[in-house]
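Colleague: Below is target_25.csv; it holds CSV, C-alpha atoms.
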```
chain,number,residue,atom,x,y,z
O,1,MET,CA,117.4,83.3,80.1
O,2,ARG,CA,115.2,80.2,79.6
O,3,SER,CA,111.7,80.9,78.2
O,4,ASP,CA,110.7,77.3,77.5
O,5,THR,CA,109.1,76.8,80.9
O,6,GLN,CA,106.8,73.9,81.5
O,7,HIS,CA,104.6,75.0,84.4
O,8,PHE,CA,104.1,78.7,83.7
O,9,LEU,CA,104.2,81.0,80.6
O,10,CYS,CA,107.3,83.0,79.9
O,11,GLU,CA,108.0,85.5,77.1
O,12,ILE,CA,111.2,87.5,76.7
O,13,ASP,CA,111.2,90.4,74.4
O,14,ASP,CA,113.6,93.4,74.3
O,15,ARG,CA,115.2,92.4,77.6
O,16,ILE,CA,111.8,92.3,79.4
O,17,ALA,CA,110.6,89.0,80.7
O,18,THR,CA,106.8,88.5,81.2
O,19,VAL,CA,105.8,85.5,83.2
O,20,ARG,CA,102.3,84.4,84.1
O,21,LEU,CA,100.6,81.4,85.6
O,22,ASP,CA,98.6,79.4,83.0
O,23,ARG,CA,95.5,78.0,84.5
O,24,PRO,CA,93.0,80.8,83.9
O,25,ASP,CA,90.0,78.5,84.1
O,26,ARG,CA,90.8,78.0,87.8
O,27,LYS,CA,92.1,81.6,88.4
O,28,ASN,CA,95.7,80.5,88.0
O,29,PRO,CA,96.5,78.4,91.1
O,30,LEU,CA,100.0,77.4,92.0
O,31,THR,CA,101.0,73.7,92.1
O,32,PHE,CA,104.0,71.9,93.5
O,33,ASP,CA,105.6,72.0,90.1
O,34,SER,CA,104.9,75.6,89.3
O,35,TYR,CA,106.3,76.7,92.8
O,36,ALA,CA,109.5,74.7,92.1
O,37,GLU,CA,110.0,75.9,88.6
O,38,LEU,CA,109.3,79.6,89.5
O,39,ARG,CA,111.8,79.3,92.3
O,40,ASP,CA,114.5,77.9,90.0
O,41,TRP,CA,113.7,80.4,87.2
O,42,PHE,CA,114.1,83.4,89.5
O,43,ARG,CA,117.3,81.9,91.0
O,44,ASP,CA,118.7,81.6,87.5
O,45,LEU,CA,117.7,85.2,86.7
O,46,VAL,CA,120.6,86.4,88.8
O,47,TYR,CA,123.0,85.2,86.1
O,48,ALA,CA,120.9,86.2,83.1
O,49,ASP,CA,122.4,88.9,80.8
O,50,ASP,CA,119.4,89.1,78.5
O,51,VAL,CA,116.8,90.2,81.0
O,52,ASP,CA,116.7,93.6,82.8
O,53,VAL,CA,113.1,93.7,84.1
O,54,VAL,CA,110.4,91.1,84.9
O,55,ILE,CA,106.7,91.5,84.7
O,56,PHE,CA,104.7,89.0,86.7
O,57,ALA,CA,101.4,89.3,84.8
O,58,SER,CA,97.8,88.3,85.3
O,59,ASN,CA,96.1,85.8,83.0
O,60,GLY,CA,92.4,85.6,82.0
O,61,GLY,CA,91.4,88.5,84.3
O,62,ASN,CA,93.0,87.1,87.5
O,63,PHE,CA,96.5,87.1,89.0
O,64,SER,CA,96.5,83.9,91.1
O,65,SER,CA,94.2,82.1,93.5
O,66,GLY,CA,97.1,80.8,95.5
O,67,GLY,CA,97.9,77.2,96.3
O,68,ASP,CA,95.6,74.7,94.5
O,69,VAL,CA,93.1,73.2,96.9
O,70,HIS,CA,93.2,69.8,95.3
O,71,ASP,CA,96.8,69.7,94.1
O,72,ILE,CA,98.5,71.2,97.2
O,73,ILE,CA,96.2,71.6,100.2
O,74,GLY,CA,94.8,68.1,100.0
O,75,PRO,CA,98.2,66.4,99.8
O,76,LEU,CA,99.6,68.6,102.6
O,77,THR,CA,97.0,67.1,105.1
O,78,ARG,CA,98.6,63.7,104.5
O,79,MET,CA,102.3,64.7,104.9
O,80,ASN,CA,104.5,64.2,107.9
O,81,MET,CA,106.4,67.0,109.6
O,82,LYS,CA,109.6,66.5,107.6
O,83,GLU,CA,107.6,66.7,104.3
O,84,LEU,CA,105.6,69.7,105.4
O,85,LEU,CA,108.8,71.6,106.3
O,86,GLN,CA,110.3,70.8,103.0
O,87,PHE,CA,107.3,72.3,101.3
O,88,THR,CA,107.1,75.5,103.4
O,89,ARG,CA,110.8,76.0,102.9
O,90,MET,CA,110.4,75.6,99.1
O,91,THR,CA,107.6,78.2,99.0
O,92,GLY,CA,109.7,80.6,101.1
O,93,ASP,CA,112.6,80.0,98.7
O,94,LEU,CA,110.4,81.4,95.9
O,95,VAL,CA,110.1,84.7,97.8
O,96,LYS,CA,113.8,84.7,98.5
O,97,ALA,CA,114.5,84.1,94.8
O,98,ILE,CA,112.3,87.0,93.8
O,99,VAL,CA,113.9,89.3,96.3
O,100,ASN,CA,117.4,88.3,95.4
O,101,CYS,CA,117.1,87.9,91.6
O,102,GLY,CA,118.9,91.2,91.0
O,103,LYS,CA,116.2,92.5,88.5
O,104,PRO,CA,113.2,94.8,89.3
O,105,VAL,CA,110.0,92.8,89.3
O,106,ILE,CA,106.6,94.4,88.5
O,107,ALA,CA,103.4,92.6,89.5
O,108,ALA,CA,100.5,93.4,87.2
O,109,VAL,CA,97.5,92.5,89.3
O,110,ASP,CA,94.0,91.9,88.0
O,111,GLY,CA,91.1,90.2,89.7
O,112,ILE,CA,91.9,87.5,92.3
O,113,CYS,CA,95.2,87.8,94.0
O,114,VAL,CA,95.1,85.7,97.2
O,115,GLY,CA,97.2,83.4,99.3
O,116,ALA,CA,100.5,82.6,97.7
O,117,GLY,CA,99.4,84.8,94.8
O,118,ALA,CA,99.3,87.8,97.1
O,119,ILE,CA,102.7,86.8,98.5
O,120,ILE,CA,104.2,86.9,95.0
O,121,ALA,CA,102.7,90.4,94.4
O,122,MET,CA,104.0,91.4,97.9
O,123,ALA,CA,107.5,90.1,97.0
O,124,SER,CA,107.6,92.1,93.8
O,125,ASP,CA,109.3,95.6,93.7
O,126,LEU,CA,106.4,97.4,92.1
O,127,ARG,CA,102.7,96.7,91.8
O,128,VAL,CA,100.2,98.0,89.2
O,129,ALA,CA,96.6,96.9,89.6
O,130,THR,CA,93.1,97.3,88.2
O,131,PRO,CA,90.1,98.5,90.2
O,132,GLU,CA,88.9,94.9,90.1
O,133,ALA,CA,91.9,93.5,92.0
O,134,LYS,CA,91.0,91.7,95.3
O,135,THR,CA,94.1,90.9,97.4
O,136,ALA,CA,93.8,88.6,100.4
O,137,PHE,CA,96.4,86.9,102.7
O,138,LEU,CA,93.8,84.3,103.6
O,139,PHE,CA,95.9,81.7,105.4
O,140,THR,CA,93.8,81.9,108.5
O,141,ARG,CA,90.8,80.8,106.4
O,142,VAL,CA,92.4,77.4,106.0
O,143,GLY,CA,93.4,77.2,109.7
O,144,LEU,CA,97.0,78.4,109.2
O,145,ALA,CA,99.0,81.4,110.6
O,146,GLY,CA,99.3,84.6,108.7
O,147,CYS,CA,103.1,84.3,108.9
O,148,ASP,CA,103.5,82.6,105.5
O,149,MET,CA,106.4,83.0,103.0
O,150,GLY,CA,107.6,86.2,104.8
O,151,ALA,CA,104.3,88.0,105.1
O,152,CYS,CA,104.9,89.1,108.7
O,153,ALA,CA,108.2,90.6,107.7
O,154,ILE,CA,107.5,92.2,104.3
O,155,LEU,CA,103.8,93.2,104.4
O,156,PRO,CA,104.2,95.6,107.5
O,157,ARG,CA,107.0,97.3,105.7
O,158,ILE,CA,104.8,98.1,102.8
O,159,ILE,CA,101.4,99.0,104.4
O,160,GLY,CA,102.2,99.4,108.1
O,161,GLN,CA,102.0,97.1,111.1
O,162,THR,CA,98.4,97.5,112.1
O,163,ARG,CA,97.0,97.3,108.5
O,164,ALA,CA,99.1,94.2,107.9
O,165,ALA,CA,97.9,92.7,111.2
O,166,GLU,CA,94.3,93.2,110.2
O,167,LEU,CA,94.7,91.5,106.9
O,168,LEU,CA,96.8,88.6,108.3
O,169,TYR,CA,94.4,88.0,111.2
O,170,THR,CA,91.1,88.3,109.4
O,171,GLY,CA,92.1,87.0,105.9
O,172,ARG,CA,89.8,89.6,104.4
O,173,SER,CA,90.2,91.0,101.0
O,174,MET,CA,92.0,94.3,100.5
O,175,SER,CA,90.2,96.3,97.8
O,176,ALA,CA,92.2,97.9,95.0
O,177,GLU,CA,91.4,101.3,96.3
O,178,GLU,CA,92.6,100.4,99.8
O,179,GLY,CA,95.7,98.9,98.3
O,180,GLU,CA,96.6,102.0,96.4
O,181,ARG,CA,95.8,104.3,99.4
O,182,TRP,CA,97.9,102.1,101.7
O,183,GLY,CA,100.9,102.0,99.4
O,184,PHE,CA,100.6,98.3,98.4
O,185,PHE,CA,99.8,99.3,94.8
O,186,ASN,CA,101.8,102.0,93.0
O,187,ARG,CA,98.8,102.9,90.8
O,188,LEU,CA,95.5,101.7,89.5
O,189,VAL,CA,94.7,101.4,85.8
O,190,ALA,CA,91.8,100.2,83.8
O,191,SER,CA,91.8,96.4,83.0
O,192,ASP,CA,92.3,97.0,79.3
O,193,ASP,CA,95.4,99.2,80.1
O,194,LEU,CA,97.0,96.9,82.7
O,195,ASP,CA,99.5,95.1,80.4
O,196,GLY,CA,100.4,98.3,78.6
O,197,ALA,CA,100.9,100.2,81.9
O,198,ALA,CA,103.2,97.4,83.3
O,199,LEU,CA,105.1,97.3,80.0
O,200,LYS,CA,105.6,101.1,80.0
O,201,LEU,CA,106.9,101.0,83.5
O,202,ALA,CA,109.2,98.1,82.6
O,203,GLN,CA,110.5,100.0,79.6
O,204,GLN,CA,111.1,103.1,81.7
O,205,ILE,CA,113.2,101.0,84.2
O,206,LYS,CA,115.0,99.1,81.4
O,207,ALA,CA,116.1,102.4,79.9
O,208,GLY,CA,117.9,103.3,83.1
O,209,PRO,CA,121.3,102.1,84.5
O,210,ASN,CA,120.5,98.4,85.0
O,211,PHE,CA,123.7,97.6,87.0
O,212,ALA,CA,122.8,100.4,89.3
O,213,HIS,CA,119.2,99.0,89.5
O,214,MET,CA,120.7,95.7,90.6
O,215,MET,CA,122.5,97.5,93.4
O,216,THR,CA,119.4,99.4,94.4
O,217,LYS,CA,117.4,96.1,94.7
O,218,THR,CA,120.2,94.5,96.7
O,219,MET,CA,120.4,97.4,99.1
O,220,LEU,CA,116.6,97.5,99.5
O,221,ALA,CA,116.7,93.8,100.6
O,222,GLN,CA,119.9,93.9,102.7
O,223,GLU,CA,119.2,97.1,104.6
O,224,TRP,CA,116.2,95.6,106.4
O,225,SER,CA,118.5,94.0,108.9
O,226,MET,CA,121.1,96.8,109.2
O,227,SER,CA,121.5,99.7,111.6
O,228,ILE,CA,121.4,103.2,110.1
O,229,GLU,CA,125.2,103.3,110.4
O,230,GLN,CA,125.6,100.0,108.6
O,231,ALA,CA,123.2,101.0,105.9
O,232,ILE,CA,125.0,104.3,105.2
O,233,GLU,CA,128.3,102.5,104.9
O,234,ALA,CA,126.8,99.8,102.7
O,235,GLU,CA,125.3,102.4,100.4
O,236,ALA,CA,128.7,104.2,100.3
O,237,GLN,CA,130.3,101.1,99.1
O,238,ALA,CA,127.6,100.3,96.6
O,239,GLN,CA,127.6,103.8,95.2
O,240,ALA,CA,131.4,103.8,94.9
O,241,ILE,CA,131.1,100.6,92.8
O,242,CYS,CA,128.5,102.2,90.6
O,243,MET,CA,130.8,105.2,90.1
O,244,GLN,CA,133.2,102.9,88.3
O,245,THR,CA,130.6,101.8,85.7
O,246,GLY,CA,130.5,102.9,82.1
O,247,ASP,CA,126.9,104.2,82.7
O,248,PHE,CA,128.1,106.7,85.2
O,249,GLU,CA,130.6,108.2,82.8
O,250,ARG,CA,128.0,108.1,80.0
O,251,ALA,CA,125.6,110.1,82.2
O,252,TYR,CA,128.2,112.7,82.8
O,253,LYS,CA,129.2,113.1,79.2
O,254,ALA,CA,125.5,113.3,78.2
O,255,PHE,CA,124.9,116.0,80.8
O,256,VAL,CA,127.8,118.0,79.5
O,257,ALA,CA,126.6,117.7,75.9
O,258,LYS,CA,123.0,118.5,77.0
O,259,GLU,CA,121.9,115.1,75.7
O,260,ARG,CA,119.8,112.3,77.2
O,261,PRO,CA,122.1,109.5,78.4
O,262,VAL,CA,121.8,106.1,76.8
O,263,PHE,CA,122.7,103.5,79.4
O,264,GLU,CA,124.2,100.1,78.5
O,265,GLY,CA,124.2,98.4,81.9
O,266,ASP,CA,128.0,98.2,82.4
```
Will you turn the file into structure tokens for me?
Modeller:
Amino acid sequence: MRSDTQHFLCEIDDRIATVRLDRPDRKNPLTFDSYAELRDWFRDLVYADDVDVVIFASNGGNFSSGGDVHDIIGPLTRMNMKELLQFTRMTGDLVKAIVNCGKPVIAAVDGICVGAGAIIAMASDLRVATPEAKTAFLFTRVGLAGCDMGACAILPRIIGQTRAAELLYTGRSMSAEEGERWGFFNRLVASDDLDGAALKLAQQIKAGPNFAHMMTKTMLAQEWSMSIEQAIEAEAQAQAICMQTGDFERAYKAFVAKERPVFEGD
């Protein structure tokens, strides 16, 4: 998997990729270029054999301040409808790419996490945060609807319809404590422990059956639009496929030998 990215930082070590936006002096805003490169990077991740888990990390005490006011919002006010739709589809494609990348994604959230930054955290599979994390879907603050990049579809599934509605209508910040209590954050850790906690979680996931993890992520996404009957059948097919993997046989042999299984992802 490519780590020589131009518009965000990327490090791949021991099958764990850590990405982070790299403008800490401005709380890591997104630009047209970083949106597009992140979208393409997560799309390529589907075919990467050297990455099992992704950590989307904070940088300089903040996660992301969202779309850059000068580099994005200003130019948007001068675009025509066709250009605007191209942009909003591109930003939505980033969320689709994260959801469909086939690898568990952990957001490690510190400080400011707003706008498109909050969306990236929302689109991740797991979220670890510090008590200083402030998360806001503040699209109404700039005169836009709260239905941005899948927020009205995904956020209610995480924290509930009425809580999501409050955040999307008001644009107010959700405190870290609220985020943990509402189920947005899996856990809170001290700022100094954030990177370590995210890495430990990533290592725990990496040690598991990664082909099966891909199936789990696929089912989590696809079953949103299925009936219960369709979902049960889809899971039956997915599980039957997993039962033909080497990892399934390794787990059985390890159980018989009273050993801990060592998964190889095949």
Colleague: Counting only C-alpha atoms, which residues have an atom no more than 9 Å from (126.1, 100.1, 79.3) in the file's coordinates? Please list them as a PDB file with C-alpha atoms, keeping the file's coordinate frame.
Modeller:
```
ATOM      1  CA  PRO O 209     121.300 102.100  84.500  1.00  0.00           C
ATOM      2  CA  ASN O 210     120.500  98.400  85.000  1.00  0.00           C
ATOM      3  CA  PHE O 211     123.700  97.600  87.000  1.00  0.00           C
ATOM      4  CA  THR O 245     130.600 101.800  85.700  1.00  0.00           C
ATOM      5  CA  GLY O 246     130.500 102.900  82.100  1.00  0.00           C
ATOM      6  CA  ASP O 247     126.900 104.200  82.700  1.00  0.00           C
ATOM      7  CA  ARG O 250     128.000 108.100  80.000  1.00  0.00           C
ATOM      8  CA  VAL O 262     121.800 106.100  76.800  1.00  0.00           C
ATOM      9  CA  PHE O 263     122.700 103.500  79.400  1.00  0.00           C
ATOM     10  CA  GLU O 264     124.200 100.100  78.500  1.00  0.00           C
ATOM     11  CA  GLY O 265     124.200  98.400  81.900  1.00  0.00           C
ATOM     12  CA  ASP O 266     128.000  98.200  82.400  1.00  0.00           C
TER      13      ASP O 266
END
```
Colleague: Separation of CA of Ile16 (chain O) and CA of Val51 (chain O), in Å?
Modeller: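 If I compute the distance from CA of Ile16 (chain O) to CA of Val51 (chain O), I get 5.7 Å.
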Colleague: Expressed in Å to a single decimal, how great is the separation between CA of Ala240 (chain O) and CA of Tyr47 (chain O)?
Modeller: 22.2 Å
Colleague: Excluding Ala121 (chain O) and any residue of its chain fewer than 4 positions from it, enumerate the residues within 9 Å of it, using only C-alpha atoms, and give them as a list of chain:residue names.
Modeller: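 What passes the distance filter is O:Phe56, O:Phe63, O:Ile106, O:Ala107, O:Ala108, O:Val109, O:Cys113, O:Ala116, O:Gly117, O:Asp125, O:Leu126, O:Arg127.
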Colleague: Please save C-alpha atoms of the selected residues as a PDB file, keeping the file's coordinate frame.
Modeller:
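Contents of selection10.pdb, freshly written:
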```pdb
ATOM      1  CA  PHE O  56     104.700  89.000  86.700  1.00  0.00           C
ATOM      2  CA  PHE O  63      96.500  87.100  89.000  1.00  0.00           C
ATOM      3  CA  ILE O 106     106.600  94.400  88.500  1.00  0.00           C
ATOM      4  CA  ALA O 107     103.400  92.600  89.500  1.00  0.00           C
ATOM      5  CA  ALA O 108     100.500  93.400  87.200  1.00  0.00           C
ATOM      6  CA  VAL O 109      97.500  92.500  89.300  1.00  0.00           C
ATOM      7  CA  CYS O 113      95.200  87.800  94.000  1.00  0.00           C
ATOM      8  CA  ALA O 116     100.500  82.600  97.700  1.00  0.00           C
ATOM      9  CA  GLY O 117      99.400  84.800  94.800  1.00  0.00           C
ATOM     10  CA  ASP O 125     109.300  95.600  93.700  1.00  0.00           C
ATOM     11  CA  LEU O 126     106.400  97.400  92.100  1.00  0.00           C
ATOM     12  CA  ARG O 127     102.700  96.700  91.800  1.00  0.00           C
TER      13      ARG O 127
END
```
Colleague: Can you tell me, as a ChimeraX atom specification, what residues are no more than 9 Å from Ala97 (chain O) when counting only C-alpha atoms, ignoring any on the same chain fewer than 5 positions away?
Modeller: /O:38-46,92
Colleague: Figure out the distance between CA of Ala136 (chain O) and CA of Met174 (chain O), please, to one decimal in Å.
Modeller: 6.0 Å
Colleague: Name the closest residue to Val189 (chain O) among the candidates O:Glu177, O:Glu223, O:Asp33, O:Asp93; distances are taken between atoms, counting all atoms listed in the file.
Modeller: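 For Val189 (chain O), the nearest of the candidates is O:Glu177.
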Colleague: Find, counting only C-alpha atoms, the residue in O:Gln230, O:Ser175, O:Gln203, O:Thr216 that gets nearest to Cys242 (chain O).
Modeller: O:Thr216
Colleague: Of the residues O:Gly146, O:Gly74, O:Gly115, O:Gly61, which is the one nearest to Pro29 (chain O), using all atoms listed in the file?
Modeller: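 Among the listed residues, the smallest separation from Pro29 (chain O) belongs to O:Gly115.
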Colleague: Which residue is closest to Trp224 (chain O)? Choose from O:Ile112, O:Ala123, O:Arg157, O:Leu188 and count all atoms listed in the file.
Modeller: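 So, comparing all the options, the nearest one is O:Arg157.
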Colleague: Mind listing as a ChimeraX atom specification all residues within 10 Å of (106.9, 77.8, 97.1), counting all atoms listed in the file?
Modeller: /O:30-39,67,86-96,116,120,149
Colleague: Return the single residue from O:Pro104, O:Val19, O:Arg78, O:Ala151 that is closest to Arg2 (chain O), with distances computed using all atoms listed in the file.
Modeller: O:Val19
Colleague: Contacts of Leu194 (chain O) at 8 Å or less, counting all atoms listed in the file, minus same-chain residues fewer than 2 places along, as a PDB file with C-alpha atoms, keeping the file's coordinate frame?
Modeller:
```pdb
ATOM      1  CA  ALA O 108     100.500  93.400  87.200  1.00  0.00           C
ATOM      2  CA  VAL O 109      97.500  92.500  89.300  1.00  0.00           C
ATOM      3  CA  ASP O 110      94.000  91.900  88.000  1.00  0.00           C
ATOM      4  CA  VAL O 128     100.200  98.000  89.200  1.00  0.00           C
ATOM      5  CA  ALA O 129      96.600  96.900  89.600  1.00  0.00           C
ATOM      6  CA  THR O 130      93.100  97.300  88.200  1.00  0.00           C
ATOM      7  CA  VAL O 189      94.700 101.400  85.800  1.00  0.00           C
ATOM      8  CA  ALA O 190      91.800 100.200  83.800  1.00  0.00           C
ATOM      9  CA  SER O 191      91.800  96.400  83.000  1.00  0.00           C
ATOM     10  CA  ASP O 192      92.300  97.000  79.300  1.00  0.00           C
ATOM     11  CA  GLY O 196     100.400  98.300  78.600  1.00  0.00           C
ATOM     12  CA  ALA O 197     100.900 100.200  81.900  1.00  0.00           C
ATOM     13  CA  ALA O 198     103.200  97.400  83.300  1.00  0.00           C
TER      14      ALA O 198
END
```
